[in-house]
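Participant: Provided below: run32.pdb, containing PDB, C-alpha atoms.
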ATOM      1  CA  MET Y1459     104.728 300.693  46.591
ATOM      2  CA  PRO Y1460     102.615 297.779  47.937
ATOM      3  CA  LEU Y1461     102.330 294.687  45.769
ATOM      4  CA  LYS Y1462      98.941 294.372  44.073
ATOM      5  CA  ILE Y1463      97.501 290.865  44.298
ATOM      6  CA  LYS Y1464      94.833 289.647  41.889
ATOM      7  CA  TRP Y1465      91.626 288.664  43.621
ATOM      8  CA  PHE Y1466      91.950 284.976  42.718
ATOM      9  CA  PHE Y1467      95.407 284.864  44.339
ATOM     10  CA  HIS Y1468      94.308 286.656  47.501
ATOM     11  CA  PRO Y1469      94.961 284.539  50.661
ATOM     12  CA  ILE Y1470      91.350 284.817  51.837
ATOM     13  CA  PHE Y1471      89.967 283.659  48.475
ATOM     14  CA  VAL Y1472      92.460 280.772  48.309
ATOM     15  CA  PHE Y1473      91.562 279.794  51.882
ATOM     16  CA  VAL Y1474      87.787 279.868  51.225
ATOM     17  CA  PHE Y1475      88.226 277.978  47.948
ATOM     18  CA  SER Y1476      90.350 275.321  49.704
ATOM     19  CA  ILE Y1477      87.773 274.878  52.480
ATOM     20  CA  VAL Y1478      84.937 274.566  49.969
ATOM     21  CA  ALA Y1479      86.915 272.058  47.903
ATOM     22  CA  LEU Y1480      87.796 270.025  51.006
ATOM     23  CA  SER Y1481      84.203 270.034  52.261
ATOM     24  CA  LEU Y1482      82.885 269.106  48.810
ATOM     25  CA  SER Y1483      85.353 266.222  48.508
ATOM     26  CA  LEU Y1484      84.256 264.921  51.926
ATOM     27  CA  PHE Y1485      80.600 265.178  50.924
ATOM     28  CA  LEU Y1486      81.203 263.401  47.587
ATOM     29  CA  TYR Y1487      83.209 260.660  49.272
ATOM     30  CA  ILE Y1488      80.460 259.987  51.817
ATOM     31  CA  TYR Y1489      77.822 260.147  49.083
ATOM     32  CA  TRP Y1490      79.790 257.729  46.906
ATOM     33  CA  TYR Y1491      80.394 255.395  49.848
ATOM     34  CA  VAL Y1492      76.709 255.332  50.778
ATOM     35  CA  GLU Y1493      75.685 254.708  47.164
ATOM     36  CA  ALA Y1494      78.268 251.934  46.828
ATOM     37  CA  SER Y1495      77.012 250.338  50.063
ATOM     38  CA  ALA Y1496      73.411 250.503  48.817
ATOM     39  CA  GLY Y1497      74.443 248.814  45.582
ATOM     40  CA  LEU Y1498      76.308 246.142  47.507
ATOM     41  CA  LYS Y1499      73.209 245.477  49.622
ATOM     42  CA  ARG Y1500      71.132 244.962  46.486
ATOM     43  CA  VAL Y1501      73.672 242.438  45.189
ATOM     44  CA  ILE Y1502      73.660 240.607  48.533
ATOM     45  CA  ARG Y1503      69.863 240.388  48.560
ATOM     46  CA  TYR Y1504      69.716 239.266  44.926
ATOM     47  CA  TYR Y1505      72.189 236.418  45.389
ATOM     48  CA  HIS Y1506      71.073 235.635  48.977
ATOM     49  CA  LEU Y1507      74.556 236.091  50.407
ATOM     50  CA  ASP Y1508      75.590 236.498  54.054
ATOM     51  CA  PRO Y1509      75.876 240.281  54.796
ATOM     52  CA  GLN Y1510      78.420 239.674  57.585
ATOM     53  CA  GLN Y1511      80.965 238.451  55.055
ATOM     54  CA  PHE Y1512      81.010 241.869  53.341
ATOM     55  CA  LEU Y1513      81.777 243.926  56.483
ATOM     56  CA  GLU Y1514      78.450 245.772  56.331
ATOM     57  CA  ALA Y1515      78.726 246.795  59.961
ATOM     58  CA  GLN Y1516      81.945 248.710  59.303
ATOM     59  CA  THR Y1517      80.446 251.097  56.754
ATOM     60  CA  TRP Y1518      79.650 253.898  59.195
ATOM     61  CA  VAL Y1519      82.840 253.244  61.146
ATOM     62  CA  VAL Y1520      84.868 253.967  58.010
ATOM     63  CA  ILE Y1521      82.810 257.072  57.300
ATOM     64  CA  LEU Y1522      83.310 258.288  60.890
ATOM     65  CA  VAL Y1523      87.071 257.744  60.773
ATOM     66  CA  VAL Y1524      87.377 259.501  57.415
ATOM     67  CA  SER Y1525      85.235 262.393  58.711
ATOM     68  CA  ILE Y1526      87.449 262.765  61.786
ATOM     69  CA  LEU Y1527      90.595 262.784  59.662
ATOM     70  CA  MET Y1528      89.097 265.365  57.315
ATOM     71  CA  ALA Y1529      88.046 267.479  60.311
ATOM     72  CA  ILE Y1530      91.628 267.386  61.612
ATOM     73  CA  ILE Y1531      92.911 268.477  58.199
ATOM     74  CA  LEU Y1532      90.303 271.230  58.112
ATOM     75  CA  ALA Y1533      91.249 272.449  61.605
ATOM     76  CA  GLY Y1534      94.936 272.429  60.663
ATOM     77  CA  THR Y1535      94.199 274.444  57.534
ATOM     78  CA  ILE Y1536      92.266 277.025  59.563
ATOM     79  CA  ILE Y1537      95.069 277.310  62.137
ATOM     80  CA  ILE Y1538      97.679 277.762  59.408
ATOM     81  CA  PHE Y1539      95.508 280.429  57.773
ATOM     82  CA  ILE Y1540      95.031 282.330  61.048
ATOM     83  CA  TYR Y1541      98.761 282.133  61.774
ATOM     84  CA  GLY Y1542      99.548 283.356  58.257
ATOM     85  CA  GLN Y1543      97.166 286.304  58.624
ATOM     86  CA  HIS Y1544      98.735 287.137  61.980
ATOM     87  CA  MET Y1545     102.219 287.075  60.461
ATOM     88  CA  LEU Y1546     101.027 289.241  57.558
ATOM     89  CA  ARG Y1547      99.552 291.772  59.995
ATOM     90  CA  LEU Y1548     102.776 291.768  62.033
ATOM     91  CA  TYR Y1549     104.798 292.303  58.858
ATOM     92  CA  ARG Y1550     102.654 295.298  57.892
ATOM     93  CA  LEU Y1551     102.949 296.771  61.383
ATOM     94  CA  GLN Y1552     106.703 296.255  61.251
ATOM     95  CA  GLN Y1553     106.859 298.031  57.893
ATOM     96  CA  ASP Y1554     104.880 300.941  59.348
ATOM     97  CA  PHE Y1555     107.265 300.995  62.297
ATOM     98  CA  VAL Y1556     110.317 301.095  60.017
ATOM     99  CA  ASN Y1557     108.824 303.944  57.991
ATOM    100  CA  ASN Y1558     107.778 305.944  61.056
ATOM    101  CA  PHE Y1559     110.957 305.299  62.982
ATOM    102  CA  THR Y1560     113.081 306.231  59.964
ATOM    103  CA  HIS Y1561     111.234 309.538  59.954
ATOM    104  CA  GLU Y1562     111.824 309.896  63.700
ATOM    105  CA  LEU Y1563     115.580 309.496  63.134
ATOM    106  CA  LYS Y1564     115.913 311.525  59.933
ATOM    107  CA  THR Y1565     113.976 314.563  61.136
ATOM    108  CA  PRO Y1566     116.276 315.540  64.042
ATOM    109  CA  VAL Y1567     119.378 314.668  61.979
ATOM    110  CA  THR Y1568     118.186 316.941  59.155
ATOM    111  CA  SER Y1569     117.392 319.649  61.673
ATOM    112  CA  LEU Y1570     120.828 319.375  63.298
ATOM    113  CA  LYS Y1571     122.524 319.546  59.912
ATOM    114  CA  LEU Y1572     120.578 322.703  59.044
ATOM    115  CA  TYR Y1573     121.547 324.427  62.302
ATOM    116  CA  LEU Y1574     125.206 323.454  61.902
ATOM    117  CA  GLU Y1575     125.248 324.789  58.332
ATOM    118  CA  THR Y1576     123.743 328.018  59.636
ATOM    119  CA  PHE Y1577     126.554 328.325  62.200
ATOM    120  CA  LEU Y1578     129.106 327.592  59.486
ATOM    121  CA  LYS Y1579     127.850 330.165  56.973
ATOM    122  CA  HIS Y1580     126.759 333.044  59.192
ATOM    123  CA  GLU Y1581     128.054 335.081  62.094
ATOM    124  CA  LEU Y1582     125.185 335.042  64.555
ATOM    125  CA  PRO Y1583     124.579 337.183  67.641
ATOM    126  CA  ARG Y1584     124.931 335.418  70.961
ATOM    127  CA  ASN Y1585     121.181 335.302  71.627
ATOM    128  CA  GLU Y1586     120.583 333.711  68.209
ATOM    129  CA  GLN Y1587     123.329 331.178  68.884
ATOM    130  CA  GLN Y1588     121.732 330.228  72.181
ATOM    131  CA  LYS Y1589     118.335 329.802  70.516
ATOM    132  CA  TYR Y1590     119.738 327.449  67.872
ATOM    133  CA  ILE Y1591     121.780 325.552  70.445
ATOM    134  CA  ARG Y1592     118.619 324.923  72.473
ATOM    135  CA  TYR Y1593     116.932 323.575  69.335
ATOM    136  CA  MET Y1594     119.915 321.335  68.684
ATOM    137  CA  LEU Y1595     119.865 320.025  72.238
ATOM    138  CA  GLN Y1596     116.172 319.200  71.853
ATOM    139  CA  ASP Y1597     116.902 317.289  68.645
ATOM    140  CA  THR Y1598     119.779 315.488  70.358
ATOM    141  CA  ASP Y1599     117.506 314.493  73.225
ATOM    142  CA  ARG Y1600     114.934 313.262  70.717
ATOM    143  CA  LEU Y1601     117.534 311.104  68.970
ATOM    144  CA  THR Y1602     118.879 309.773  72.257
ATOM    145  CA  ASN Y1603     115.405 308.870  73.516
ATOM    146  CA  ASN Y1604     114.521 307.016  70.310
ATOM    147  CA  ILE Y1605     117.758 305.047  70.255
ATOM    148  CA  SER Y1606     117.533 304.251  73.971
ATOM    149  CA  ARG Y1607     113.946 303.078  73.539
ATOM    150  CA  ILE Y1608     114.954 300.576  70.860
ATOM    151  CA  LEU Y1609     118.005 299.323  72.759
ATOM    152  CA  ASN Y1610     116.140 298.936  76.041
ATOM    153  CA  LEU Y1611     113.208 297.233  74.351
ATOM    154  CA  ALA Y1612     115.562 294.717  72.747
ATOM    155  CA  ARG Y1613     117.174 293.993  76.123
ATOM    156  CA  ILE Y1614     113.800 293.610  77.813
ATOM    157  CA  GLU Y1615     112.400 291.310  75.121
ATOM    158  CA  THR Y1616     115.480 289.080  75.131
ATOM    159  CA  LYS Y1617     115.408 289.102  78.938
ATOM    160  CA  THR Y1618     119.002 290.333  79.122
ATOM    161  CA  TYR Y1619     118.045 293.424  81.106
ATOM    162  CA  SER Y1620     119.347 292.997  84.633
ATOM    163  CA  THR Y1621     116.983 294.811  86.980
ATOM    164  CA  GLU Y1622     118.258 296.427  90.141
ATOM    165  CA  VAL Y1623     115.239 297.037  92.347
ATOM    166  CA  VAL Y1624     115.208 299.376  95.308
ATOM    167  CA  LEU Y1625     112.571 300.077  97.922
ATOM    168  CA  THR Y1626     111.172 303.558  97.389
ATOM    169  CA  ASP Y1627     108.115 305.705  98.026
ATOM    170  CA  LEU Y1628     106.344 306.051  94.675
ATOM    171  CA  VAL Y1629     104.792 309.428  95.474
ATOM    172  CA  GLU Y1630     108.195 310.943  96.170
ATOM    173  CA  THR Y1631     109.697 309.176  93.143
ATOM    174  CA  VAL Y1632     107.084 310.629  90.794
ATOM    175  CA  LYS Y1633     107.476 314.100  92.321
ATOM    176  CA  VAL Y1634     111.249 314.021  91.825
ATOM    177  CA  PHE Y1635     110.834 312.807  88.251
ATOM    178  CA  ARG Y1636     108.253 315.528  87.527
ATOM    179  CA  ASP Y1637     110.562 318.245  88.869
ATOM    180  CA  LYS Y1638     113.652 317.093  86.948
ATOM    181  CA  THR Y1639     111.796 316.737  83.615
ATOM    182  CA  ILE Y1640     109.523 319.770  83.859
ATOM    183  CA  HIS Y1641     111.630 321.544  81.198
ATOM    184  CA  LEU Y1642     110.483 318.929  78.663
ATOM    185  CA  PHE Y1643     106.874 320.090  79.042
ATOM    186  CA  PRO Y1644     107.128 323.884  79.414
ATOM    187  CA  LYS Y1645     103.514 324.570  78.408
ATOM    188  CA  ALA Y1646     101.968 321.748  80.418
ATOM    189  CA  GLU Y1647     100.650 321.519  83.950
ATOM    190  CA  ILE Y1648     101.465 318.279  85.775
ATOM    191  CA  ARG Y1649      99.727 317.888  89.120
ATOM    192  CA  ILE Y1650     100.292 315.138  91.698
ATOM    193  CA  HIS Y1651      97.489 314.143  94.093
ATOM    194  CA  ASN Y1652      97.897 312.041  97.211
ATOM    195  CA  PRO Y1653      94.500 312.372  98.962
ATOM    196  CA  PHE Y1654      95.333 309.654 101.493
ATOM    197  CA  ASP Y1655      98.458 311.592 102.538
ATOM    198  CA  ARG Y1656     100.541 308.442 103.006
ATOM    199  CA  THR Y1657     103.588 306.775 101.559
ATOM    200  CA  PHE Y1658     103.421 303.908  99.067
ATOM    201  CA  PRO Y1659     106.556 301.757  99.421
ATOM    202  CA  CYS Y1660     107.283 299.638  96.372
ATOM    203  CA  LEU Y1661     110.192 297.697  94.869
ATOM    204  CA  ILE Y1662     111.102 299.247  91.514
ATOM    205  CA  ASP Y1663     113.981 299.533  89.096
ATOM    206  CA  PRO Y1664     114.596 303.327  89.014
ATOM    207  CA  LEU Y1665     115.793 303.426  85.385
ATOM    208  CA  LEU Y1666     112.911 301.325  84.086
ATOM    209  CA  PHE Y1667     110.354 303.244  86.133
ATOM    210  CA  ASP Y1668     111.692 306.548  84.791
ATOM    211  CA  MET Y1669     111.306 305.103  81.291
ATOM    212  CA  LEU Y1670     107.696 304.161  82.050
ATOM    213  CA  LEU Y1671     106.891 307.636  83.379
ATOM    214  CA  THR Y1672     108.581 309.297  80.399
ATOM    215  CA  ASN Y1673     106.490 307.383  77.887
ATOM    216  CA  LEU Y1674     103.204 308.025  79.702
ATOM    217  CA  MET Y1675     103.919 311.744  80.084
ATOM    218  CA  VAL Y1676     105.138 312.182  76.515
ATOM    219  CA  ASN Y1677     102.009 310.440  75.197
ATOM    220  CA  ALA Y1678      99.776 312.656  77.319
ATOM    221  CA  MET Y1679     101.399 315.797  75.876
ATOM    222  CA  GLN Y1680     101.873 314.686  72.271
ATOM    223  CA  TYR Y1681      98.278 313.618  71.730
ATOM    224  CA  ASN Y1682      96.864 316.845  73.070
ATOM    225  CA  VAL Y1683      95.304 319.866  71.371
ATOM    226  CA  SER Y1684      94.352 321.791  74.512
ATOM    227  CA  GLU Y1685      95.603 325.333  74.972
ATOM    228  CA  LYS Y1686      96.864 324.214  78.361
ATOM    229  CA  PRO Y1687      97.863 320.522  78.332
ATOM    230  CA  ALA Y1688      97.372 319.000  81.768
ATOM    231  CA  LEU Y1689      98.171 315.720  83.463
ATOM    232  CA  ASP Y1690      96.793 314.708  86.869
ATOM    233  CA  ILE Y1691      98.598 311.851  88.623
ATOM    234  CA  ARG Y1692      96.505 310.335  91.425
ATOM    235  CA  PHE Y1693      97.638 307.790  94.012
ATOM    236  CA  ALA Y1694      95.280 305.421  95.836
ATOM    237  CA  PRO Y1695      95.625 302.105  97.714
ATOM    238  CA  VAL Y1696      93.733 299.062  96.397
ATOM    239  CA  LYS Y1697      94.069 296.224  98.934
ATOM    240  CA  ASN Y1698      97.752 295.249  98.849
ATOM    241  CA  LYS Y1699      98.417 297.221  95.655
ATOM    242  CA  ILE Y1700      98.793 300.819  94.595
ATOM    243  CA  SER Y1701      96.792 302.444  91.830
ATOM    244  CA  ILE Y1702      98.445 305.328  89.971
ATOM    245  CA  ARG Y1703      96.078 307.089  87.568
ATOM    246  CA  PHE Y1704      97.478 309.301  84.794
ATOM    247  CA  GLU Y1705      94.572 311.503  83.686
ATOM    248  CA  ASP Y1706      95.222 313.760  80.684
ATOM    249  CA  ASN Y1707      93.047 316.225  78.770
ATOM    250  CA  GLY Y1708      94.218 315.040  75.347
ATOM    251  CA  ILE Y1709      92.332 313.787  72.308
ATOM    252  CA  GLY Y1710      91.478 310.443  73.912
ATOM    253  CA  ILE Y1711      91.576 306.929  72.501
ATOM    254  CA  LYS Y1712      88.751 305.292  70.606
ATOM    255  CA  ARG Y1713      87.132 302.261  72.194
ATOM    256  CA  ALA Y1714      88.282 299.969  69.362
ATOM    257  CA  ASP Y1715      91.905 301.005  69.959
ATOM    258  CA  ARG Y1716      92.077 300.658  73.741
ATOM    259  CA  ARG Y1717      92.984 296.981  73.790
ATOM    260  CA  LYS Y1718      95.442 297.383  70.926
ATOM    261  CA  VAL Y1719      97.498 300.380  72.068
ATOM    262  CA  PHE Y1720      99.778 298.141  74.138
ATOM    263  CA  GLN Y1721     100.592 295.923  71.143
ATOM    264  CA  LYS Y1722     103.981 296.123  69.502
ATOM    265  CA  PHE Y1723     104.179 298.656  66.626
ATOM    266  CA  TYR Y1724     100.484 299.586  67.009
ATOM    267  CA  ARG Y1725      99.614 303.239  66.448
ATOM    268  CA  VAL Y1726      96.122 304.727  66.709
ATOM    269  CA  ASP Y1727      94.570 306.595  63.803
ATOM    270  CA  GLN Y1728      95.474 310.252  63.967
ATOM    271  CA  SER Y1729      92.791 312.897  64.369
ATOM    272  CA  ALA Y1730      92.394 315.746  61.946
ATOM    273  CA  GLU Y1731      93.329 318.140  64.737
ATOM    274  CA  LYS Y1732      96.515 316.466  65.880
ATOM    275  CA  THR Y1733      98.957 314.443  63.816
ATOM    276  CA  THR Y1734     102.088 313.106  65.490
ATOM    277  CA  LYS Y1735     104.784 310.717  64.445
ATOM    278  CA  GLY Y1736     105.707 307.788  66.638
ATOM    279  CA  SER Y1737     107.246 304.338  66.628
ATOM    280  CA  GLY Y1738     104.332 302.437  68.147
ATOM    281  CA  LEU Y1739     106.632 301.146  70.882
ATOM    282  CA  GLY Y1740     106.016 303.550  73.763
ATOM    283  CA  LEU Y1741     102.982 301.909  75.365
ATOM    284  CA  TYR Y1742     104.247 298.430  74.477
ATOM    285  CA  LEU Y1743     107.353 299.294  76.463
ATOM    286  CA  VAL Y1744     105.232 300.689  79.315
ATOM    287  CA  GLN Y1745     103.243 297.452  79.604
ATOM    288  CA  ASN Y1746     106.390 295.323  79.556
ATOM    289  CA  ILE Y1747     108.015 297.408  82.281
ATOM    290  CA  ALA Y1748     104.857 297.155  84.384
ATOM    291  CA  ARG Y1749     104.873 293.368  84.017
ATOM    292  CA  MET Y1750     108.527 293.228  85.021
ATOM    293  CA  HIS Y1751     107.380 294.893  88.250
ATOM    294  CA  LYS Y1752     104.517 292.341  88.593
ATOM    295  CA  GLY Y1753     102.002 295.012  87.640
ATOM    296  CA  LYS Y1754      99.737 296.010  84.780
ATOM    297  CA  VAL Y1755      98.627 299.104  82.854
ATOM    298  CA  THR Y1756      95.094 299.673  81.567
ATOM    299  CA  VAL Y1757      93.476 302.549  79.682
ATOM    300  CA  ALA Y1758      89.990 304.041  79.865
ATOM    301  CA  PRO Y1759      88.284 307.259  78.735
ATOM    302  CA  ARG Y1760      88.211 310.231  81.044
ATOM    303  CA  LEU Y1761      84.805 310.654  82.704
ATOM    304  CA  GLU Y1762      84.801 314.440  82.535
ATOM    305  CA  GLY Y1763      85.778 316.140  79.285
ATOM    306  CA  THR Y1764      88.134 314.694  76.712
ATOM    307  CA  GLY Y1765      91.220 312.662  77.410
ATOM    308  CA  SER Y1766      92.398 309.275  78.592
ATOM    309  CA  VAL Y1767      93.175 307.645  81.921
ATOM    310  CA  PHE Y1768      96.086 305.221  82.128
ATOM    311  CA  THR Y1769      96.016 303.239  85.371
ATOM    312  CA  LEU Y1770      99.169 301.564  86.652
ATOM    313  CA  MET Y1771      98.680 298.835  89.277
ATOM    314  CA  LEU Y1772     101.739 297.724  91.250
ATOM    315  CA  PRO Y1773     102.145 295.507  94.330
ATOM    316  CA  LEU Y1774     103.019 297.318  97.536
ATOM    317  CA  LYS Y1775     105.897 296.212  99.718
ATOM    318  CA  THR Y1776     104.434 294.993 102.984
ATOM    319  CA  ASN Y1777     106.293 293.845 106.083
TER
END
Could you take the file, read its structure, and then write that structure out as structure tokens?
Facilitator:
Amino acid sequence: MPLKIKWFFHPIFVFVFSIVALSLSLFLYIYWYVEASAGLKRVIRYYHLDPQQFLEAQTWVVILVVSILMAIILAGTIIIFIYGQHMLRLYRLQQDFVNNFTHELKTPVTSLKLYLETFLKHELPRNEQQKYIRYMLQDTDRLTNNISRILNLARIETKTYSTEVVLTDLVETVKVFRDKTIHLFPKAEIRIHNPFDRTFPCLIDPLLFDMLLTNLMVNAMQYNVSEKPALDIRFAPVKNKISIRFEDNGIGIKRADRRKVFQKFYRVDQSAEKTTKGSGLGLYLVQNIARMHKGKVTVAPRLEGTGSVFTLMLPLKTN
């Protein structure tokens, strides 16, 4: 249960109150200093004293120096507040991640336990056994993928992942990956388009690139309510780079979420039609893998119909 904070202890209220108090103290100090200087001038005129002996010329210098110091304090306070809000947001996202990822781990474990108890208590026909075994294998794959995602992300973030790049044709690589993982998307149609009918040689780490493709394809199918989920993968040269567009017919991504989907732990608001569980790490991992290959991933809405377009830009290997 989240901790309820009274309004007068809320960080934003405390911050605003502190800024107002600091600004008011600066104003009162300057006001007092000006009034004191005016009084001093009256004394000097009354007794016909030399103004230079009372450092009159330094009045505004002192005020300027004090104002600069107060401005520095004010700027520091604002920076600390922004940093604190950022840390608070990160903490909340991390809590959401823990809750969601716990669900992602517990669900297949609970499912596996149920199937195993069924095998233990009942004598099942062979066809029923095969059906349950397939379900168990799917849950095992789900567990393995989640654990691998966390372990690989940790290695990538700590820069302990040793990449082993090879020169390969990306069109052929994607085709091979599509064919060997087609069983993961039995109801989907994944089409590959190479209108320029050419090869695109590129230096990639095969394991990392497979991870990138897995996350993009899984996202395209998970966030999809179409009767026939589809993914079109289009290749095109852009100067000395290659553009790979992943166009799906899913639910799409709101404009406000497009810049945030690659952030760590960030998950978009679920639609009423489609609710899926996730860790908020898939696209963050995709972007990091792209950067490790000196590339970048962007997202945009699909021009025709619903869906999203993820564009991967990678440098081509030229002689």
Participant: Within 12 Å of (109.2, 313.6, 91.0) (coordinates as in the file), grab all the protein and nucleic acid residues, counting only C-alpha atoms, and write them out as a list of chain:residue names.
Facilitator: Y:Asp1627, Y:Leu1628, Y:Val1629, Y:Glu1630, Y:Thr1631, Y:Val1632, Y:Lys1633, Y:Val1634, Y:Phe1635, Y:Arg1636, Y:Asp1637, Y:Lys1638, Y:Thr1639, Y:Ile1640, Y:Ile1648, Y:Arg1649, Y:Ile1650, Y:Pro1664, Y:Phe1667, Y:Asp1668, Y:Leu1671, Y:Thr1672, Y:Ile1691
Participant: Would you mind telling me which residue in Y:Arg1550, Y:Lys1617, Y:Lys1699, Y:Arg1713 lies nearest to Val1757 of chain Y when using all atoms listed in the file?
Facilitator: Y:Arg1713
Participant: If we count only C-alpha atoms, what is near Val1624 of chain Y at a cut-off of 7 Å, once residues fewer than 2 positions away on the same chain are taken out, given as a ChimeraX atom specification?
Facilitator: /Y:1622,1626,1661-1663
Participant: So, with only C-alpha atoms as the atoms that count, which of Y:Phe1473, Y:Lys1752, Y:Thr1621, Y:Phe1654 lies closest to Gln1543 of chain Y?
Facilitator: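 So, comparing all the options, the nearest one is Y:Phe1473.
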Participant: Between Y:Lys1686, Y:Lys1754, Y:Arg1584, Y:Arg1692, single out the one closest to Glu1705 of chain Y, counting all atoms listed in the file.
Facilitator: Y:Arg1692
Participant: Which neighbours of Asn1707 of chain Y fall inside 8 Å, counting all atoms listed in the file, when residues of the same chain fewer than 6 positions from it are skipped, and could you give them as a ChimeraX atom specification?
Facilitator: /Y:1678,1682,1684,1687-1689,1763-1766
